[in-house]
Every structure is written in structure tokens, then in C-alpha cells.
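my_file_37.txt follows (compact mmCIF, C-alpha atoms and all ligand atoms):
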```
# COMPACT_ATOMS: atom_id res chain seq x y z
CA MET A 1 42.86 -6.63 115.45
CA HIS A 2 39.61 -8.48 115.98
CA THR A 3 37.83 -8.44 119.31
CA PRO A 4 35.26 -11.24 119.53
CA VAL A 5 31.67 -10.06 119.51
CA VAL A 6 30.83 -11.99 122.63
CA VAL A 7 33.35 -12.12 125.44
CA VAL A 8 34.39 -15.75 125.48
CA VAL A 9 34.32 -17.18 128.98
CA SER A 10 35.48 -20.78 129.29
CA LEU A 11 33.09 -21.40 132.20
CA VAL A 12 30.03 -20.80 130.01
CA PRO A 13 28.87 -24.18 128.62
CA ILE A 14 29.55 -24.62 124.92
CA PRO A 15 25.88 -24.93 123.83
CA TYR A 16 25.10 -21.53 125.38
CA ARG A 17 28.06 -19.98 123.65
CA ILE A 18 26.96 -21.37 120.30
CA VAL A 19 23.46 -19.95 120.82
CA ALA A 20 24.95 -16.54 121.73
CA LEU A 21 27.11 -16.49 118.59
CA VAL A 22 24.21 -17.54 116.36
CA GLN A 23 22.21 -14.67 117.87
CA GLU A 24 25.08 -12.31 117.05
CA GLN A 25 25.09 -13.62 113.52
CA ASN A 26 21.34 -12.95 113.24
CA ASN A 27 21.91 -9.41 114.54
CA LEU A 28 24.60 -8.97 111.92
CA PHE A 29 22.32 -10.17 109.10
CA ALA A 30 19.64 -7.73 110.26
CA TYR A 31 22.00 -4.74 110.25
CA PRO A 32 21.27 -2.80 107.02
CA VAL A 33 24.20 -2.44 104.60
CA ASP A 34 23.07 1.09 103.82
CA ARG A 35 23.28 2.13 107.46
CA LEU A 36 26.91 1.03 107.64
CA ALA A 37 27.62 2.59 104.23
CA ASN A 38 26.23 5.92 105.48
CA ILE A 39 28.43 5.82 108.58
CA ILE A 40 31.47 5.09 106.41
CA ARG A 41 30.55 8.05 104.20
CA GLU A 42 29.93 10.42 107.12
CA ILE A 43 33.25 9.57 108.77
CA GLY A 44 35.20 9.85 105.51
CA PHE A 45 38.24 7.93 106.77
CA ARG A 46 41.43 8.02 104.74
CA CYS A 47 44.47 5.88 105.49
CA THR A 48 47.78 7.75 105.85
CA CYS A 49 49.86 4.56 105.53
CA CYS A 50 51.44 5.00 108.97
CA ALA A 51 51.49 1.18 109.44
CA LYS A 52 50.50 1.43 113.11
CA CYS A 53 47.70 -1.07 112.55
CA CYS A 54 50.32 -3.65 111.54
CA THR A 55 51.83 -3.67 115.03
CA ARG A 56 50.72 -5.37 118.21
CA ALA A 57 51.51 -2.20 120.14
CA PHE A 58 48.55 -0.52 118.40
CA ASN A 59 46.25 -3.33 117.44
CA GLY A 60 46.88 -6.57 119.29
CA HIS A 61 47.14 -9.76 117.27
CA VAL A 62 45.89 -10.33 113.72
CA PHE A 63 43.44 -13.25 113.77
CA LEU A 64 43.25 -15.22 110.53
CA LEU A 65 40.27 -16.85 108.90
CA ASP A 66 40.80 -20.34 107.44
CA ARG A 67 40.99 -18.89 103.93
CA ASP A 68 43.82 -16.59 105.10
CA VAL A 69 45.68 -19.46 106.75
CA ALA A 70 45.67 -21.29 103.42
CA VAL A 71 47.31 -18.24 101.80
CA VAL A 72 49.92 -17.85 104.56
CA LYS A 73 50.89 -21.50 104.14
CA THR A 74 51.73 -20.82 100.49
CA ILE A 75 53.75 -17.69 101.32
CA ASP A 76 55.55 -18.48 104.58
CA PRO A 77 54.16 -20.98 107.13
CA ALA A 78 56.56 -19.59 109.74
CA ALA A 79 54.30 -16.53 109.89
CA LEU A 80 51.61 -18.58 111.66
CA GLU A 81 51.25 -19.04 115.38
CA PRO A 82 48.35 -20.19 117.56
CA ALA A 83 46.11 -17.22 118.35
CA PRO A 84 46.60 -16.04 121.93
CA GLY A 85 44.04 -16.66 124.68
CA PRO A 86 43.03 -20.30 124.08
CA GLU A 87 39.35 -20.91 124.79
CA PHE A 88 39.76 -24.29 126.52
CA CYS A 89 42.21 -26.42 128.48
CA ASP A 90 41.39 -30.08 129.10
CA GLN A 91 42.08 -32.06 132.29
CA HIS A 92 45.45 -33.18 130.89
CA GLY A 93 46.67 -29.62 130.32
CA THR A 94 46.24 -29.34 126.55
CA PHE A 95 44.98 -25.98 125.27
CA TYR A 96 42.52 -25.50 122.39
CA VAL A 97 42.21 -22.31 120.36
CA SER A 98 39.90 -21.36 117.52
CA GLY A 99 42.52 -20.41 114.94
CA TYR A 100 45.86 -18.92 113.97
CA ALA A 101 47.26 -15.42 114.28
CA LEU A 102 50.06 -13.74 112.39
CA ARG A 103 53.40 -14.00 114.16
CA ALA A 104 55.03 -10.73 115.22
CA GLN A 105 58.63 -9.75 114.70
CA ASP A 106 60.86 -9.47 117.73
CA ASP A 107 60.92 -5.66 117.82
CA ASP A 108 59.53 -3.22 120.39
CA ALA A 109 56.32 -2.53 118.45
CA GLY A 110 55.57 -6.18 117.71
CA SER A 111 55.50 -5.52 113.98
CA CYS A 112 53.67 -8.00 111.80
CA TRP A 113 55.84 -10.72 110.28
CA PHE A 114 55.17 -9.22 106.85
CA LEU A 115 55.91 -5.58 107.69
CA GLU A 116 59.15 -4.30 106.18
CA ASN A 117 60.34 -0.69 106.26
CA GLY A 118 56.83 0.45 107.17
CA ARG A 119 55.19 -1.36 104.24
CA CYS A 120 53.38 -4.67 103.85
CA ARG A 121 55.61 -6.86 101.69
CA ILE A 122 52.66 -9.04 100.61
CA TYR A 123 50.19 -6.19 100.15
CA ASP A 124 48.43 -7.69 97.11
CA ARG A 125 47.84 -10.90 99.07
CA ARG A 126 47.13 -9.33 102.49
CA PHE A 127 44.53 -11.01 104.65
CA SER A 128 40.80 -10.53 105.18
CA ILE A 129 41.03 -8.30 108.24
CA CYS A 130 43.88 -6.28 106.68
CA ARG A 131 41.61 -5.49 103.72
CA ILE A 132 38.68 -4.12 105.69
CA TYR A 133 40.50 -2.41 108.56
CA PRO A 134 39.56 -0.01 110.18
CA TYR A 135 35.97 -0.91 109.30
CA MET A 136 34.20 -3.41 111.51
CA LEU A 137 30.66 -4.35 112.43
CA HIS A 138 30.30 -6.07 115.72
CA ARG A 139 29.05 -5.30 119.17
CA GLU A 140 31.51 -4.78 121.98
CA ALA A 141 31.71 -2.96 125.29
CA ASP A 142 33.12 0.58 125.47
CA ALA A 143 35.26 1.89 128.35
CA GLN A 144 32.09 2.27 130.46
CA GLY A 145 31.04 -1.33 129.78
CA SER A 146 28.13 -0.36 127.53
CA VAL A 147 27.71 -2.90 124.69
CA ASP A 148 26.80 -1.45 121.30
CA TRP A 149 27.68 -1.71 117.61
CA ARG A 150 31.15 -0.47 116.66
CA GLN A 151 31.82 0.41 113.05
CA ILE A 152 35.28 2.00 113.02
CA SER A 153 38.28 0.71 114.95
CA GLY A 154 40.51 3.24 116.74
CA LEU A 155 38.39 6.23 115.73
CA ASP A 156 40.44 9.46 115.88
CA LYS A 157 43.61 7.55 116.77
CA HIS A 158 44.90 7.12 113.21
CA GLY A 159 44.31 8.28 109.66
CA GLU A 160 42.42 11.35 108.41
CA TYR A 161 38.69 12.09 108.41
CA ASN A 162 35.98 13.95 106.52
CA HIS A 163 37.24 12.93 103.10
CA GLU A 164 34.80 12.37 100.24
CA ILE A 165 34.09 8.67 99.56
CA SER A 166 31.69 7.76 96.77
CA GLU A 167 28.40 6.05 97.57
CA ASP A 168 29.41 3.01 95.55
CA GLU A 169 32.69 2.65 97.39
CA CYS A 170 30.96 3.02 100.77
CA ARG A 171 28.49 0.30 99.87
CA ILE A 172 31.28 -2.03 98.72
CA LEU A 173 33.20 -1.40 101.96
CA ALA A 174 30.04 -2.02 104.00
CA ARG A 175 29.33 -5.30 102.21
CA GLU A 176 32.91 -6.51 102.58
CA THR A 177 32.86 -5.64 106.26
CA LYS A 178 29.64 -7.55 106.88
CA GLU A 179 31.00 -10.49 104.90
CA TYR A 180 34.16 -10.56 107.04
CA GLU A 181 32.24 -10.40 110.31
CA ASN A 182 29.96 -13.21 109.16
CA ALA A 183 32.96 -15.36 108.17
CA PHE A 184 34.54 -14.71 111.56
CA LEU A 185 31.39 -15.75 113.43
CA THR A 186 30.94 -18.80 111.22
CA GLN A 187 34.47 -19.94 112.05
CA GLU A 188 33.91 -19.41 115.79
CA ILE A 189 30.64 -21.36 115.73
CA SER A 190 32.25 -24.15 113.73
CA PHE A 191 35.08 -24.34 116.30
CA LEU A 192 32.65 -24.60 119.23
CA GLU A 193 30.57 -27.27 117.51
CA PHE A 194 33.72 -29.24 116.74
CA MET A 195 34.95 -28.94 120.34
CA GLN A 196 31.62 -30.06 121.72
CA ASP A 197 31.86 -33.31 119.74
CA TYR A 198 35.62 -33.72 120.29
CA PHE A 199 35.42 -33.36 124.07
CA SER A 200 32.50 -35.76 124.22
CA LEU A 201 34.16 -38.35 121.97
CA HIS A 202 37.47 -38.30 123.88
CA ARG A 203 35.95 -37.90 127.36
CA LEU A 204 37.64 -34.56 127.85
CA ARG A 205 36.41 -31.52 129.74
CA HIS A 206 37.54 -27.96 130.27
CA VAL A 207 39.13 -27.49 133.71
CA GLN A 208 39.72 -23.86 134.66
CA LYS A 209 42.21 -24.67 137.42
CA VAL A 210 44.38 -26.67 135.00
CA TYR A 211 44.07 -23.78 132.52
CA ASP A 212 45.30 -21.28 135.12
CA ASP A 213 48.15 -23.56 136.26
CA ARG A 214 49.33 -24.10 132.68
CA VAL A 215 49.26 -20.36 131.96
CA ARG A 216 51.45 -19.80 135.04
CA GLN A 217 53.85 -22.53 133.87
CA LEU A 218 53.98 -21.01 130.40
CA LYS A 219 54.93 -17.64 131.88
CA LYS A 220 57.85 -19.37 133.63
CA GLY A 221 58.99 -20.86 130.31
CA THR A 222 57.51 -24.38 130.48
CA PRO A 223 56.29 -25.48 127.02
CA VAL A 224 52.61 -26.33 126.61
CA THR A 225 50.65 -28.14 123.90
CA VAL A 226 48.17 -26.03 121.96
CA MET A 227 45.73 -27.58 119.51
CA VAL A 228 44.72 -25.09 116.83
CA TYR A 229 41.38 -25.46 115.04
CA SER A 230 42.02 -25.02 111.35
CA ASP A 231 39.90 -25.99 108.38
CA GLY A 232 37.76 -28.44 110.36
CA GLN A 233 40.53 -30.21 112.27
CA LEU A 234 43.03 -29.70 115.09
CA GLU A 235 46.73 -29.03 114.45
CA GLU A 236 49.18 -29.62 117.30
CA HIS A 237 51.80 -27.07 118.40
CA ARG A 238 54.29 -26.83 121.25
CA VAL A 239 54.35 -23.29 122.53
CA THR A 240 57.06 -21.94 124.81
CA ARG A 241 55.86 -18.40 125.39
CA GLU A 242 52.63 -16.44 125.33
CA GLY A 243 51.73 -14.79 122.03
S1 LIG B 301 49.80 -8.80 106.49
FE1 LIG B 301 50.44 -6.80 105.76
S2 LIG B 301 48.62 -5.49 106.00
FE2 LIG B 301 48.29 -7.32 107.25
S3 LIG B 301 49.02 -6.78 109.32
FE3 LIG B 301 50.74 -7.74 108.23
S4 LIG B 301 51.92 -6.06 107.32
FE4 LIG B 301 49.88 -5.28 107.87
S1 LIG B 302 44.66 2.05 108.56
FE1 LIG B 302 45.14 3.59 110.11
S2 LIG B 302 46.77 2.71 111.41
FE2 LIG B 302 46.63 1.49 109.49
S3 LIG B 302 48.14 2.42 108.13
FE3 LIG B 302 46.19 3.42 107.68
S4 LIG B 302 46.15 5.24 109.00
FE4 LIG B 302 47.79 3.92 109.78
```

As a first step, turn the structure in this file into C-alpha cells.
Ligand code: SF4
Ligand code: SF4
Amino acid sequence: MHTPVVVVVSLVPIPYRIVALVQEQNNLFAYPVDRLANIIREIGFRCTCCAKCCTRAFNGHVFLLDRDVAVVKTIDPAALEPAPGPEFCDQHGTFYVSGYALRAQDDDAGSCWFLENGRCRIYDRRFSICRIYPYMLHREADAQGSVDWRQISGLDKHGEYNHEISEDECRILARETKEYENAFLTQEISFLEFMQDYFSLHRLRHVQKVYDDRVRQLKKGTPVTVMVYSDGQLEEHRVTREG
């Protein structure tokens, strides 16, 4: 559900990646709330409760902020799994990823763990990204590779448009969207800073060849160790298949 602002490439040294994310955060701060509010108002999106966004078939995985992970742990810890696409793999074959995602059910659509009969069974406690979707405010490449701000996810692929939304509501949505994007970037930066220190302290380094070998082994069913960054520390998991 969330595509990182900057394409994360393990070969790019960590300090450069931190600088790039801080720059993205500065760009986000500079983006006027009113501009986003106007776009929200012009598009006039209305949800039709089709629940497509709660499936991996439509939206990929649901990445969780630390504050969401704390909530999931009180509801059902089994709903957590390491987010797919770990950023690093050390020379010993251990993966590192910046956070958790919501587990999917074992159905064809990859329905969210909490989706039941087309409805969210924890709707009042749903997570940060679930609350702002389909609004977003980050830069990503389109099909032609051109990087620009995106404000609505899956435009024209779900919901209804051209509905009246009050100015106040648009401004609230815009603020909440900016707040989410900032929290996401803050978590990513915190992860990279932590990894920089952790790798240095434990004499570890990212090795792309080991990463690729381990991914191949995982696809054949060999379990791998994934360390998940959560609330300022790493939590260890054994993973037997790709998320
Ligand atoms: S937690 Fe609820 S709203 Fe969020 S993806 Fe899952 S079913 Fe959908
Ligand atoms: S946000 Fe879009 S995809 Fe999700 S339930 Fe509403 S209309 Fe369907």
C-alpha cells in the first residue's frame, strides 16, 4: 500500500540514502497543505466500500508504522509479518527490514488478516495507512519513469469521483496525509541510522551476492533469518516463504 518515496537500492551507501530521505522530508514539509486540500476537493473521491484496497492483489502489502505495530500486538500478534523486500543482508545471510507488514490470508486475493466478509473487523482501530488511503503525498515514478508528486493512489481504478467534500474535511485529510508521510519517512531514516551503527558495531556489511543467494534459497523453501526493525530495536524472525 505504501511505495517508498525513494527507490531503495542496497548498493547505495547508507549515508547517501539518509541524505536522500531527509531531502524528501524537506520537500514534504515545503508542500503546502492547501495545495493538497485543493486536489482532494477537485477529485472528490468517495469510497464505495469494495474492500479491494484490503487485498494484496490490488494494493501489495500494508506497511505498518511503529505505532500501528503496538496496536496489532494488543489485538492479534499473529497478524504481523516482516515486511517484504528486506533492505540489507549481511555476510552471514541474515536479512534486515525496516518494519512489519500485515499478514495476508491464504486466499486468492491475499486478503488482509483482518478482512472478513468484505469488511474490516477492526475498523475502529484500523491502521495509519488504512485511515488515509487512497490519499498519499510522495514522489514516485509513473509508468514512463517520470518522478513527480502523487496524491491519489489507484486513481480511476476504484471508488467514485466528483463528489462534494467540504473545505474543512479536505484540509483535515491533507494534514493527516502529510503527517502519515512524515511518520513513514521518519521511521525509514531512523532504521537507516540504526543499521549504520549496528553494522559498524558488529563488523557486518551488506553483501548483495549473499542477498541474492538467500532469496533463491528462500524460494526453494529454505528458512532464512529476518531481523525486523521495530521501535528502535531488532526483532528476530525465521521466515520460510516470501511475503
Ligand atoms: S486493517 Fe482493515 S482497513 Fe486495514 S487493510 Fe486490513 S482489513 Fe483493510
Ligand atoms: S478505498 Fe477504494 S479500494 Fe478501498 S474500499 Fe474504498 S473504493 Fe474500494

Exercise for review: Measuring atom to atom with all atoms listed in the file, identify which of A:Asn59, A:Asn162, A:Gln105, A:Ser98 is nearest to Pro134 in chain A.
Suggested key: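 Closest to Pro134 in chain A of all the choices is A:Asn59.
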
Point to revise | Between CA of Glu81 in chain A and CA of Arg103 in chain A, distance in Å (one decimal) | key: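 If I compute the distance from CA of Glu81 in chain A to CA of Arg103 in chain A, I get 5.6 Å.
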
Exercise for review: Taking all atoms listed in the file into account, report as a ChimeraX atom specification which residues have an atom no farther than 9 Å from an atom of ligand LIG 301 (chain B).
Suggested key: /A:1,51-55,61-62,102,104,111-116,118-131

Exercise for review: Check the smallest atom-to-atom distance from each of A:Ala30, A:Leu204, A:Ala79, A:Ala37 to Ala174 in chain A using all atoms listed in the file, then report the winner.
Suggested key: A:Ala37

Check your understanding: How many Å lie between CA of Arg139 in chain A and CA of Phe199 in chain A, rounded to one decimal?
Key ->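 Interatomic distance here is 29.2 Å.
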
For range 213-224 of chain A, list every protein, DNA or RNA residue within 6 Å, evaluated using only C-alpha atoms, and leave out those in the same chain fewer than 6 positions away; present the list as a CSV table (one decimal) with C-alpha atoms, in the coordinates of the input.
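So the final result, stored in out-v4.csv, reads:
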```
chain,number,residue,atom,x,y,z
A,238,ARG,CA,54.3,-26.8,121.2
A,239,VAL,CA,54.4,-23.3,122.5
A,240,THR,CA,57.1,-21.9,124.8
A,241,ARG,CA,55.9,-18.4,125.4
```

**Study point:** Nearest-residue call for ligand LIG 302 (chain B), choices A:Phe58, A:Phe194, A:Phe95, A:Tyr16, using only C-alpha atoms and all ligand atoms
**Key:**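 Counting only C-alpha atoms and all ligand atoms, the residue closest to ligand LIG 302 (chain B) is A:Phe58.
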
Residue neighbourhood range 38-41 of chain A, 7 Å, only C-alpha atoms, exclusion window fewer than 3 positions, as a PDB file with C-alpha atoms, in the frame of the given file:
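Okay, selection08.pdb is ready:
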```pdb
ATOM      1  CA  ASP A  34      23.070   1.090 103.820  1.00  0.00           C
ATOM      2  CA  ARG A  35      23.280   2.130 107.460  1.00  0.00           C
ATOM      3  CA  GLY A  44      35.200   9.850 105.510  1.00  0.00           C
ATOM      4  CA  ILE A 165      34.090   8.670  99.560  1.00  0.00           C
ATOM      5  CA  CYS A 170      30.960   3.020 100.770  1.00  0.00           C
TER       6      CYS A 170
END
```

**Study point:** Atom pair CA of Gln23 in chain A / CA of Pro82 in chain A: separation (Å)
**Key:**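 Distance between the two atoms: 26.7 Å.
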
Exercise for review: For Arg205 in chain A, please output as a list in words all residues within 10 Å (counting only C-alpha atoms; exclusion window: fewer than 3 positions along the same chain).
Suggested key: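 Answer for this query is Phe88, Cys89, Asp90, Gln91, His92, Met195, Gln196, Tyr198, Phe199, Ser200, His202 and Gln208 of chain A.
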
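Each of A:Val72, A:Arg171, A:Tyr133, A:Thr186 was checked against Pro32 in chain A using all atoms listed in the file; the smallest atom-to-atom distance is that of A:Arg171.
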
Exercise for review: Go through A:Leu201, A:Cys50, A:Phe63, A:Pro86 and flag the residue nearest ligand LIG 302 (chain B), using only C-alpha atoms and all ligand atoms for the distances.
Suggested key: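 The closest residue to ligand LIG 302 (chain B) is A:Cys50.
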
Review point. Which protein, DNA or RNA residues are at most 8 Å from (39.1, 7.8, 105.6) in the file's coordinates when you count all atoms listed in the file, listed as a ChimeraX atom specification?
Key: /A:43-47,159-163,165

Check your understanding: What lies within 7 Å of Gln151 in chain A using only C-alpha atoms, ignoring chain neighbours under 5 positions off, as number ranges by chain?
Key -> A: 135-137

**Study point:** Minimum-distance residue to ligand LIG 302 (chain B), chosen among A:Gln144, A:Ser153, A:Asn117, A:Asn27 (using all atoms listed in the file)
**Key:**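 Among A:Gln144, A:Ser153, A:Asn117, A:Asn27, it is A:Ser153 that comes nearest to ligand LIG 302 (chain B).
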
Please return as a PDB file with C-alpha atoms, in the frame of the given file every residue within 12 Å of (29.4, -15.3, 115.2), taking into account only C-alpha atoms and the file's own coordinates.
```pdb
ATOM      1  CA  THR A   3      37.830  -8.440 119.310  1.00  0.00           C
ATOM      2  CA  PRO A   4      35.260 -11.240 119.530  1.00  0.00           C
ATOM      3  CA  VAL A   5      31.670 -10.060 119.510  1.00  0.00           C
ATOM      4  CA  VAL A   6      30.830 -11.990 122.630  1.00  0.00           C
ATOM      5  CA  VAL A   7      33.350 -12.120 125.440  1.00  0.00           C
ATOM      6  CA  VAL A   8      34.390 -15.750 125.480  1.00  0.00           C
ATOM      7  CA  ARG A  17      28.060 -19.980 123.650  1.00  0.00           C
ATOM      8  CA  ILE A  18      26.960 -21.370 120.300  1.00  0.00           C
ATOM      9  CA  VAL A  19      23.460 -19.950 120.820  1.00  0.00           C
ATOM     10  CA  ALA A  20      24.950 -16.540 121.730  1.00  0.00           C
ATOM     11  CA  LEU A  21      27.110 -16.490 118.590  1.00  0.00           C
ATOM     12  CA  VAL A  22      24.210 -17.540 116.360  1.00  0.00           C
ATOM     13  CA  GLN A  23      22.210 -14.670 117.870  1.00  0.00           C
ATOM     14  CA  GLU A  24      25.080 -12.310 117.050  1.00  0.00           C
ATOM     15  CA  GLN A  25      25.090 -13.620 113.520  1.00  0.00           C
ATOM     16  CA  ASN A  26      21.340 -12.950 113.240  1.00  0.00           C
ATOM     17  CA  ASN A  27      21.910  -9.410 114.540  1.00  0.00           C
ATOM     18  CA  LEU A  28      24.600  -8.970 111.920  1.00  0.00           C
ATOM     19  CA  PHE A  29      22.320 -10.170 109.100  1.00  0.00           C
ATOM     20  CA  LEU A 137      30.660  -4.350 112.430  1.00  0.00           C
ATOM     21  CA  HIS A 138      30.300  -6.070 115.720  1.00  0.00           C
ATOM     22  CA  ARG A 139      29.050  -5.300 119.170  1.00  0.00           C
ATOM     23  CA  LYS A 178      29.640  -7.550 106.880  1.00  0.00           C
ATOM     24  CA  GLU A 179      31.000 -10.490 104.900  1.00  0.00           C
ATOM     25  CA  TYR A 180      34.160 -10.560 107.040  1.00  0.00           C
ATOM     26  CA  GLU A 181      32.240 -10.400 110.310  1.00  0.00           C
ATOM     27  CA  ASN A 182      29.960 -13.210 109.160  1.00  0.00           C
ATOM     28  CA  ALA A 183      32.960 -15.360 108.170  1.00  0.00           C
ATOM     29  CA  PHE A 184      34.540 -14.710 111.560  1.00  0.00           C
ATOM     30  CA  LEU A 185      31.390 -15.750 113.430  1.00  0.00           C
ATOM     31  CA  THR A 186      30.940 -18.800 111.220  1.00  0.00           C
ATOM     32  CA  GLN A 187      34.470 -19.940 112.050  1.00  0.00           C
ATOM     33  CA  GLU A 188      33.910 -19.410 115.790  1.00  0.00           C
ATOM     34  CA  ILE A 189      30.640 -21.360 115.730  1.00  0.00           C
ATOM     35  CA  SER A 190      32.250 -24.150 113.730  1.00  0.00           C
ATOM     36  CA  PHE A 191      35.080 -24.340 116.300  1.00  0.00           C
ATOM     37  CA  LEU A 192      32.650 -24.600 119.230  1.00  0.00           C
TER      38      LEU A 192
END
```
